[in-house]
Amino acid sequence: MKTIEELNAIREKAKATMTVREDNVDVIRVVVGMATCGIAAGARPVLNGFMEEVARRKLGNIVVSQTGCIGMCQYEPIVEVIEKDKEKVTYVRMTADRVARVVSDHLVNNNVVTEFTVGAIAK
Amino acid sequence: MRELSLNILDIAQNSIAANASLIRIEVAEDTEKGEMRIVIGDNGQGMTPEQTQRVTDPFYTTRTTRKVGMGTSLFKMAAEMTGGTFNIRSQANEGTKVTAVFKTRSVDFTPLGDMNSTISLLIAMNLHIDFIYRHSVDGKAFTLQTTELKQILGDVPLSEPDVVEWIKSYVGEQTQIIHGGVLHENNRRTQRYQRKSKSNHDR
């Protein structure tokens with residue numbers, strides 16, 4: 001059973017790895033739309049999926065966060081990938097199943113998964 | 001919304017947008033009365049009486065990009081559909097409190113669902129906000145308070161993957177304990193439903 005005391009051990013373990021992350025400059029931001037439209041369309045498992053996948057692969061340069069309504073509710077769940085000096089990539093109708101592919105292809109190997117982007121769907 | 005935990009996640013976004021520094025989420029179940037009370041309270045900027053009155057109107061929103069605001073109206077509808085009640089109280093500069101009571105025996109009752117995800121995400125995504133989550137079933141209760149966790153964790157943020165995992169498991173386990181340690185509410189509902197449809201069939 002989980003106890004509050006276990007957090008002591010987690011703190012010690014986390015302290016050892018944390019400094020590496022803070023020094024990172026080229027951060028990739030993954031932003032999930034979490035307004036009513038996004039949540040109703042299934043944004044929660046998508047956000048959860050990104051957090052878990054980024055944690056599992058120990059990707060210290062990726063920040064997962066949430067935002068309000070992105071403005072294309074019919075394409076929710078929407079995920080934006082924002083990188084310095086690059087054009088923003090907007091993934092639409094995301095599902096938890098698609099998260100692993102976006103993480104490995106795009107966030108790790110730098111190949112945008114074009115078929116999931118708004119450009120491929122909203123023609 | 002398929003689960004009330006999604007409505008809760010959605011309503012809490014309003015508290016976040018209202019610049020709350022403390023959000024309190026309470027789920028209280030009374031199995032004898034067949035009631036579930038959900039309260040989401042914050043100390044955010046609050047609303048004027050006029051705004052408070054109009055907030056459950058789906059065609060009212062403070063947002064300027066679009067003219068429709070569905071969140072609060074959906075939550076109200078979910079409660080009233082079961083024969084329950086909905087109430088919103090707000091005071092400018094003091095905060096807002098949303099209370100919804102659900103009749104759990106109604107066929108229109110939506111299950112609470114995955115509160116572990118709702119709570120862990122709210123906490124991990126809003127590090128500057130303190131959360132208090134309390135869940136009770138017939139008087140048995142547990143409370144998760146982020147200020148307590150922060151005290152132990154020090155500089156380690158609540159978004160640290162191991163911490164997020166801990167919060168999920170902790171909420172999951174504690175929920176099971178207050179439910180008597182065996183069945184989750186969703187399973188219980190499914191079983192009740194199966195029993196009902198079986199007896200209908202027998203008839």
# chains A, B, ... in the order shown; residues from 1 in each chain; ligands from 1
>>> interface_residues(of="chain B", to="chain A", cutoff="6 Å", atoms="only C-alpha atoms", output="PyMOL selection string")
chain B and resi 1+10+71+153+161+170
>>> residues_around(residues="Ile129 of chain B", least_positions_apart="4", cutoff="7 Å", atoms="only C-alpha atoms", output="list of chain:residue names")
B:Ala20, B:Ser21, B:Leu22
>>> write_last_selection(atoms="C-alpha atoms", output="PDB file, in the first residue's frame")
ATOM      1  CA  ALA B  20      -7.309  30.197  -7.944  1.00  0.00           C
ATOM      2  CA  SER B  21      -4.421  29.275  -5.662  1.00  0.00           C
ATOM      3  CA  LEU B  22      -6.467  26.624  -3.863  1.00  0.00           C
TER       4      LEU B  22
END
>>> residues_around(residues="Ala141 of chain B", least_positions_apart="4", cutoff="12 Å", atoms="only C-alpha atoms", output="list in words")
Glu26, Val27, Ala28, Glu29, Asp30, Tyr133, Arg134, His135, Ser136, Val137, Val171, Gln174, Thr175, Gln176, Ile177, Ile178, His179 and Gly180 of chain B
>>> write_last_selection(atoms="C-alpha atoms", output="PDB file, in the first residue's frame")
ATOM      1  CA  GLU B  26     -14.962  16.724  -2.708  1.00  0.00           C
ATOM      2  CA  VAL B  27     -16.864  13.562  -3.580  1.00  0.00           C
ATOM      3  CA  ALA B  28     -19.245  12.287  -0.907  1.00  0.00           C
ATOM      4  CA  GLU B  29     -21.215   9.108  -1.459  1.00  0.00           C
ATOM      5  CA  ASP B  30     -24.167   8.016   0.622  1.00  0.00           C
ATOM      6  CA  TYR B 133      -9.173  16.126  -2.694  1.00  0.00           C
ATOM      7  CA  ARG B 134     -11.521  14.386  -0.296  1.00  0.00           C
ATOM      8  CA  HIS B 135     -13.580  11.318  -1.099  1.00  0.00           C
ATOM      9  CA  SER B 136     -15.967   9.737   1.363  1.00  0.00           C
ATOM     10  CA  VAL B 137     -18.287   6.757   1.238  1.00  0.00           C
ATOM     11  CA  VAL B 171      -5.899   7.729  -4.856  1.00  0.00           C
ATOM     12  CA  GLN B 174      -7.600   4.767  -0.888  1.00  0.00           C
ATOM     13  CA  THR B 175     -10.734   4.807  -3.041  1.00  0.00           C
ATOM     14  CA  GLN B 176     -10.846   1.034  -2.878  1.00  0.00           C
ATOM     15  CA  ILE B 177     -10.411   1.060   0.884  1.00  0.00           C
ATOM     16  CA  ILE B 178     -13.307   3.461   1.534  1.00  0.00           C
ATOM     17  CA  HIS B 179     -15.448   1.363  -0.782  1.00  0.00           C
ATOM     18  CA  GLY B 180     -14.892  -1.577   1.545  1.00  0.00           C
TER      19      GLY B 180
END
>>> residues_around(residues="Lys103 of chain B", least_positions_apart="4", cutoff="10 Å", atoms="only C-alpha atoms", output="list in words")
Asp30, Thr31, Lys33, Gly34, Glu35, Met36, Arg37, Ala79, Glu80, Met81, Thr82, Gly83, Gly84, Thr85, Val107, Asp108, Phe109 and Thr110 of chain B
>>> write_last_selection(atoms="N, CA and C atoms", output="compact mmCIF listing (two decimals), in the first residue's frame")
# COMPACT_ATOMS: atom_id res chain seq x y z
N ASP B 30 -23.30 8.56 -0.42
CA ASP B 30 -24.17 8.02 0.62
C ASP B 30 -24.92 6.87 -0.05
N THR B 31 -24.47 5.66 0.22
CA THR B 31 -25.05 4.52 -0.52
C THR B 31 -26.47 4.22 -0.06
N LYS B 33 -28.76 6.47 0.92
CA LYS B 33 -29.65 7.42 0.26
C LYS B 33 -29.56 7.32 -1.26
N GLY B 34 -28.52 6.66 -1.74
CA GLY B 34 -28.32 6.59 -3.18
C GLY B 34 -27.93 7.95 -3.75
N GLU B 35 -27.03 8.63 -3.05
CA GLU B 35 -26.63 9.98 -3.48
C GLU B 35 -25.13 10.13 -3.58
N MET B 36 -24.71 10.90 -4.56
CA MET B 36 -23.31 11.29 -4.64
C MET B 36 -23.26 12.81 -4.77
N ARG B 37 -22.53 13.43 -3.84
CA ARG B 37 -22.42 14.89 -3.87
C ARG B 37 -21.02 15.24 -4.33
N ALA B 79 -26.33 16.22 -13.53
CA ALA B 79 -26.89 16.07 -12.19
C ALA B 79 -28.41 16.05 -12.22
N GLU B 80 -28.98 16.99 -12.95
CA GLU B 80 -30.45 17.12 -12.95
C GLU B 80 -31.14 15.97 -13.67
N MET B 81 -30.43 15.39 -14.63
CA MET B 81 -30.97 14.22 -15.34
C MET B 81 -31.24 13.05 -14.40
N THR B 82 -30.44 12.96 -13.32
CA THR B 82 -30.62 11.84 -12.39
C THR B 82 -31.67 12.16 -11.33
N GLY B 83 -32.24 13.37 -11.37
CA GLY B 83 -33.16 13.80 -10.33
C GLY B 83 -32.43 14.52 -9.21
N GLY B 84 -31.18 14.82 -9.43
CA GLY B 84 -30.36 15.51 -8.43
C GLY B 84 -30.45 17.02 -8.57
N THR B 85 -29.54 17.72 -7.93
CA THR B 85 -29.59 19.18 -7.93
C THR B 85 -28.24 19.77 -8.32
N VAL B 107 -31.14 5.62 -13.80
CA VAL B 107 -30.51 5.03 -14.99
C VAL B 107 -29.63 6.04 -15.71
N ASP B 108 -29.91 7.33 -15.48
CA ASP B 108 -29.13 8.37 -16.15
C ASP B 108 -27.88 8.77 -15.39
N PHE B 109 -27.61 8.08 -14.28
CA PHE B 109 -26.41 8.41 -13.50
C PHE B 109 -25.16 7.96 -14.27
N THR B 110 -24.24 8.91 -14.47
CA THR B 110 -22.97 8.60 -15.12
C THR B 110 -21.99 8.19 -14.03
>>> select_by_dssp(residues="segment 47-156 of chain B", states="alpha helix (DSSP H)", output="PyMOL selection string")
chain B and resi 49-54+71-81+115-125+146-153
>>> select_by_dssp(residues="segment 3-201 of chain B", states="strand (DSSP E or B)", output="compact mmCIF listing (two decimals) with N, CA and C atoms, in the first residue's frame")
# COMPACT_ATOMS: atom_id res chain seq x y z
N LEU B 22 -6.03 27.82 -4.60
CA LEU B 22 -6.47 26.62 -3.86
C LEU B 22 -7.75 26.10 -4.50
N ILE B 23 -7.73 24.82 -4.83
CA ILE B 23 -8.93 24.19 -5.39
C ILE B 23 -9.26 22.97 -4.53
N ARG B 24 -10.51 22.92 -4.13
CA ARG B 24 -10.96 21.84 -3.25
C ARG B 24 -11.98 21.00 -4.00
N ILE B 25 -11.72 19.71 -4.08
CA ILE B 25 -12.65 18.81 -4.78
C ILE B 25 -13.12 17.77 -3.78
N GLU B 26 -14.44 17.66 -3.69
CA GLU B 26 -14.96 16.72 -2.71
C GLU B 26 -16.01 15.82 -3.35
N VAL B 27 -15.88 14.53 -3.12
CA VAL B 27 -16.86 13.56 -3.58
C VAL B 27 -17.38 12.85 -2.34
N ALA B 28 -18.68 12.95 -2.09
CA ALA B 28 -19.25 12.29 -0.91
C ALA B 28 -20.37 11.36 -1.35
N GLU B 29 -20.20 10.08 -1.06
CA GLU B 29 -21.21 9.11 -1.46
C GLU B 29 -22.00 8.64 -0.24
N ASP B 30 -23.30 8.56 -0.42
CA ASP B 30 -24.17 8.02 0.62
C ASP B 30 -24.92 6.87 -0.05
N GLU B 35 -27.03 8.63 -3.05
CA GLU B 35 -26.63 9.98 -3.48
C GLU B 35 -25.13 10.13 -3.58
N MET B 36 -24.71 10.90 -4.56
CA MET B 36 -23.31 11.29 -4.64
C MET B 36 -23.26 12.81 -4.77
N ARG B 37 -22.53 13.43 -3.84
CA ARG B 37 -22.42 14.89 -3.87
C ARG B 37 -21.02 15.24 -4.33
N ILE B 38 -20.93 16.10 -5.33
CA ILE B 38 -19.62 16.54 -5.83
C ILE B 38 -19.51 18.05 -5.64
N VAL B 39 -18.45 18.46 -4.97
CA VAL B 39 -18.24 19.89 -4.74
C VAL B 39 -16.88 20.29 -5.31
N ILE B 40 -16.86 21.35 -6.10
CA ILE B 40 -15.60 21.91 -6.58
C ILE B 40 -15.57 23.37 -6.14
N GLY B 41 -14.64 23.69 -5.27
CA GLY B 41 -14.59 25.04 -4.73
C GLY B 41 -13.22 25.65 -4.96
N ASP B 42 -13.18 26.95 -5.15
CA ASP B 42 -11.88 27.61 -5.34
C ASP B 42 -11.87 28.98 -4.69
N THR B 85 -29.54 17.72 -7.93
CA THR B 85 -29.59 19.18 -7.93
C THR B 85 -28.24 19.77 -8.32
N PHE B 86 -28.27 21.04 -8.68
CA PHE B 86 -27.05 21.73 -9.05
C PHE B 86 -27.09 23.13 -8.46
N ASN B 87 -25.97 23.56 -7.95
CA ASN B 87 -25.93 24.87 -7.34
C ASN B 87 -24.57 25.52 -7.57
N ILE B 88 -24.57 26.78 -7.90
CA ILE B 88 -23.29 27.48 -8.03
C ILE B 88 -23.36 28.78 -7.24
N ARG B 89 -22.34 28.97 -6.39
CA ARG B 89 -22.29 30.19 -5.59
C ARG B 89 -20.95 30.84 -5.83
N SER B 90 -20.99 32.13 -6.03
CA SER B 90 -19.75 32.82 -6.33
C SER B 90 -19.76 34.22 -5.74
N GLN B 91 -18.59 34.66 -5.37
CA GLN B 91 -18.45 35.99 -4.81
C GLN B 91 -17.23 36.60 -5.49
N GLY B 95 -14.15 33.75 -4.63
CA GLY B 95 -14.12 32.39 -5.15
C GLY B 95 -15.47 31.88 -5.58
N THR B 96 -15.45 30.64 -6.05
CA THR B 96 -16.66 30.02 -6.59
C THR B 96 -16.78 28.61 -6.04
N LYS B 97 -18.03 28.20 -5.80
CA LYS B 97 -18.25 26.85 -5.31
C LYS B 97 -19.39 26.23 -6.12
N VAL B 98 -19.08 25.12 -6.76
CA VAL B 98 -20.06 24.40 -7.57
C VAL B 98 -20.43 23.13 -6.81
N THR B 99 -21.72 22.93 -6.59
CA THR B 99 -22.16 21.72 -5.89
C THR B 99 -23.17 20.99 -6.76
N ALA B 100 -22.94 19.72 -6.99
CA ALA B 100 -23.90 18.92 -7.76
C ALA B 100 -24.21 17.66 -6.99
N VAL B 101 -25.50 17.36 -6.88
CA VAL B 101 -25.91 16.13 -6.19
C VAL B 101 -26.52 15.19 -7.23
N PHE B 102 -26.04 13.96 -7.23
CA PHE B 102 -26.51 12.96 -8.19
C PHE B 102 -27.28 11.87 -7.47
N LYS B 103 -28.36 11.42 -8.08
CA LYS B 103 -29.08 10.25 -7.57
C LYS B 103 -28.47 9.03 -8.25
N ASP B 130 -2.65 24.78 -5.05
CA ASP B 130 -2.80 23.72 -4.04
C ASP B 130 -4.14 23.04 -4.24
N PHE B 131 -4.10 21.73 -4.13
CA PHE B 131 -5.33 20.95 -4.28
C PHE B 131 -5.64 20.19 -3.00
N ILE B 132 -6.92 20.15 -2.68
CA ILE B 132 -7.36 19.27 -1.60
C ILE B 132 -8.42 18.36 -2.21
N TYR B 133 -8.18 17.06 -2.16
CA TYR B 133 -9.17 16.13 -2.69
C TYR B 133 -9.65 15.24 -1.55
N ARG B 134 -10.96 15.22 -1.35
CA ARG B 134 -11.52 14.39 -0.30
C ARG B 134 -12.61 13.52 -0.90
N HIS B 135 -12.56 12.24 -0.61
CA HIS B 135 -13.58 11.32 -1.10
C HIS B 135 -14.10 10.53 0.10
N SER B 136 -15.41 10.52 0.25
CA SER B 136 -15.97 9.74 1.36
C SER B 136 -17.09 8.83 0.87
N VAL B 137 -17.21 7.70 1.51
CA VAL B 137 -18.29 6.76 1.24
C VAL B 137 -18.89 6.38 2.59
N LYS B 140 -16.78 6.95 5.67
CA LYS B 140 -15.35 6.57 5.58
C LYS B 140 -14.71 7.46 4.53
N ALA B 141 -13.56 8.07 4.88
CA ALA B 141 -13.03 9.08 3.96
C ALA B 141 -11.51 9.05 3.88
N PHE B 142 -10.99 9.63 2.80
CA PHE B 142 -9.56 9.93 2.76
C PHE B 142 -9.38 11.30 2.12
N THR B 143 -8.28 11.94 2.45
CA THR B 143 -7.99 13.27 1.93
C THR B 143 -6.58 13.30 1.38
N LEU B 144 -6.43 13.91 0.20
CA LEU B 144 -5.10 14.12 -0.36
C LEU B 144 -4.91 15.63 -0.43
N GLN B 145 -3.82 16.09 0.15
CA GLN B 145 -3.60 17.53 0.22
C GLN B 145 -2.22 17.83 -0.33
>>> atom_distance(atom1="atom CA of Val92 of chain A", atom2="atom CA of Val30 of chain A")
13.0 Å
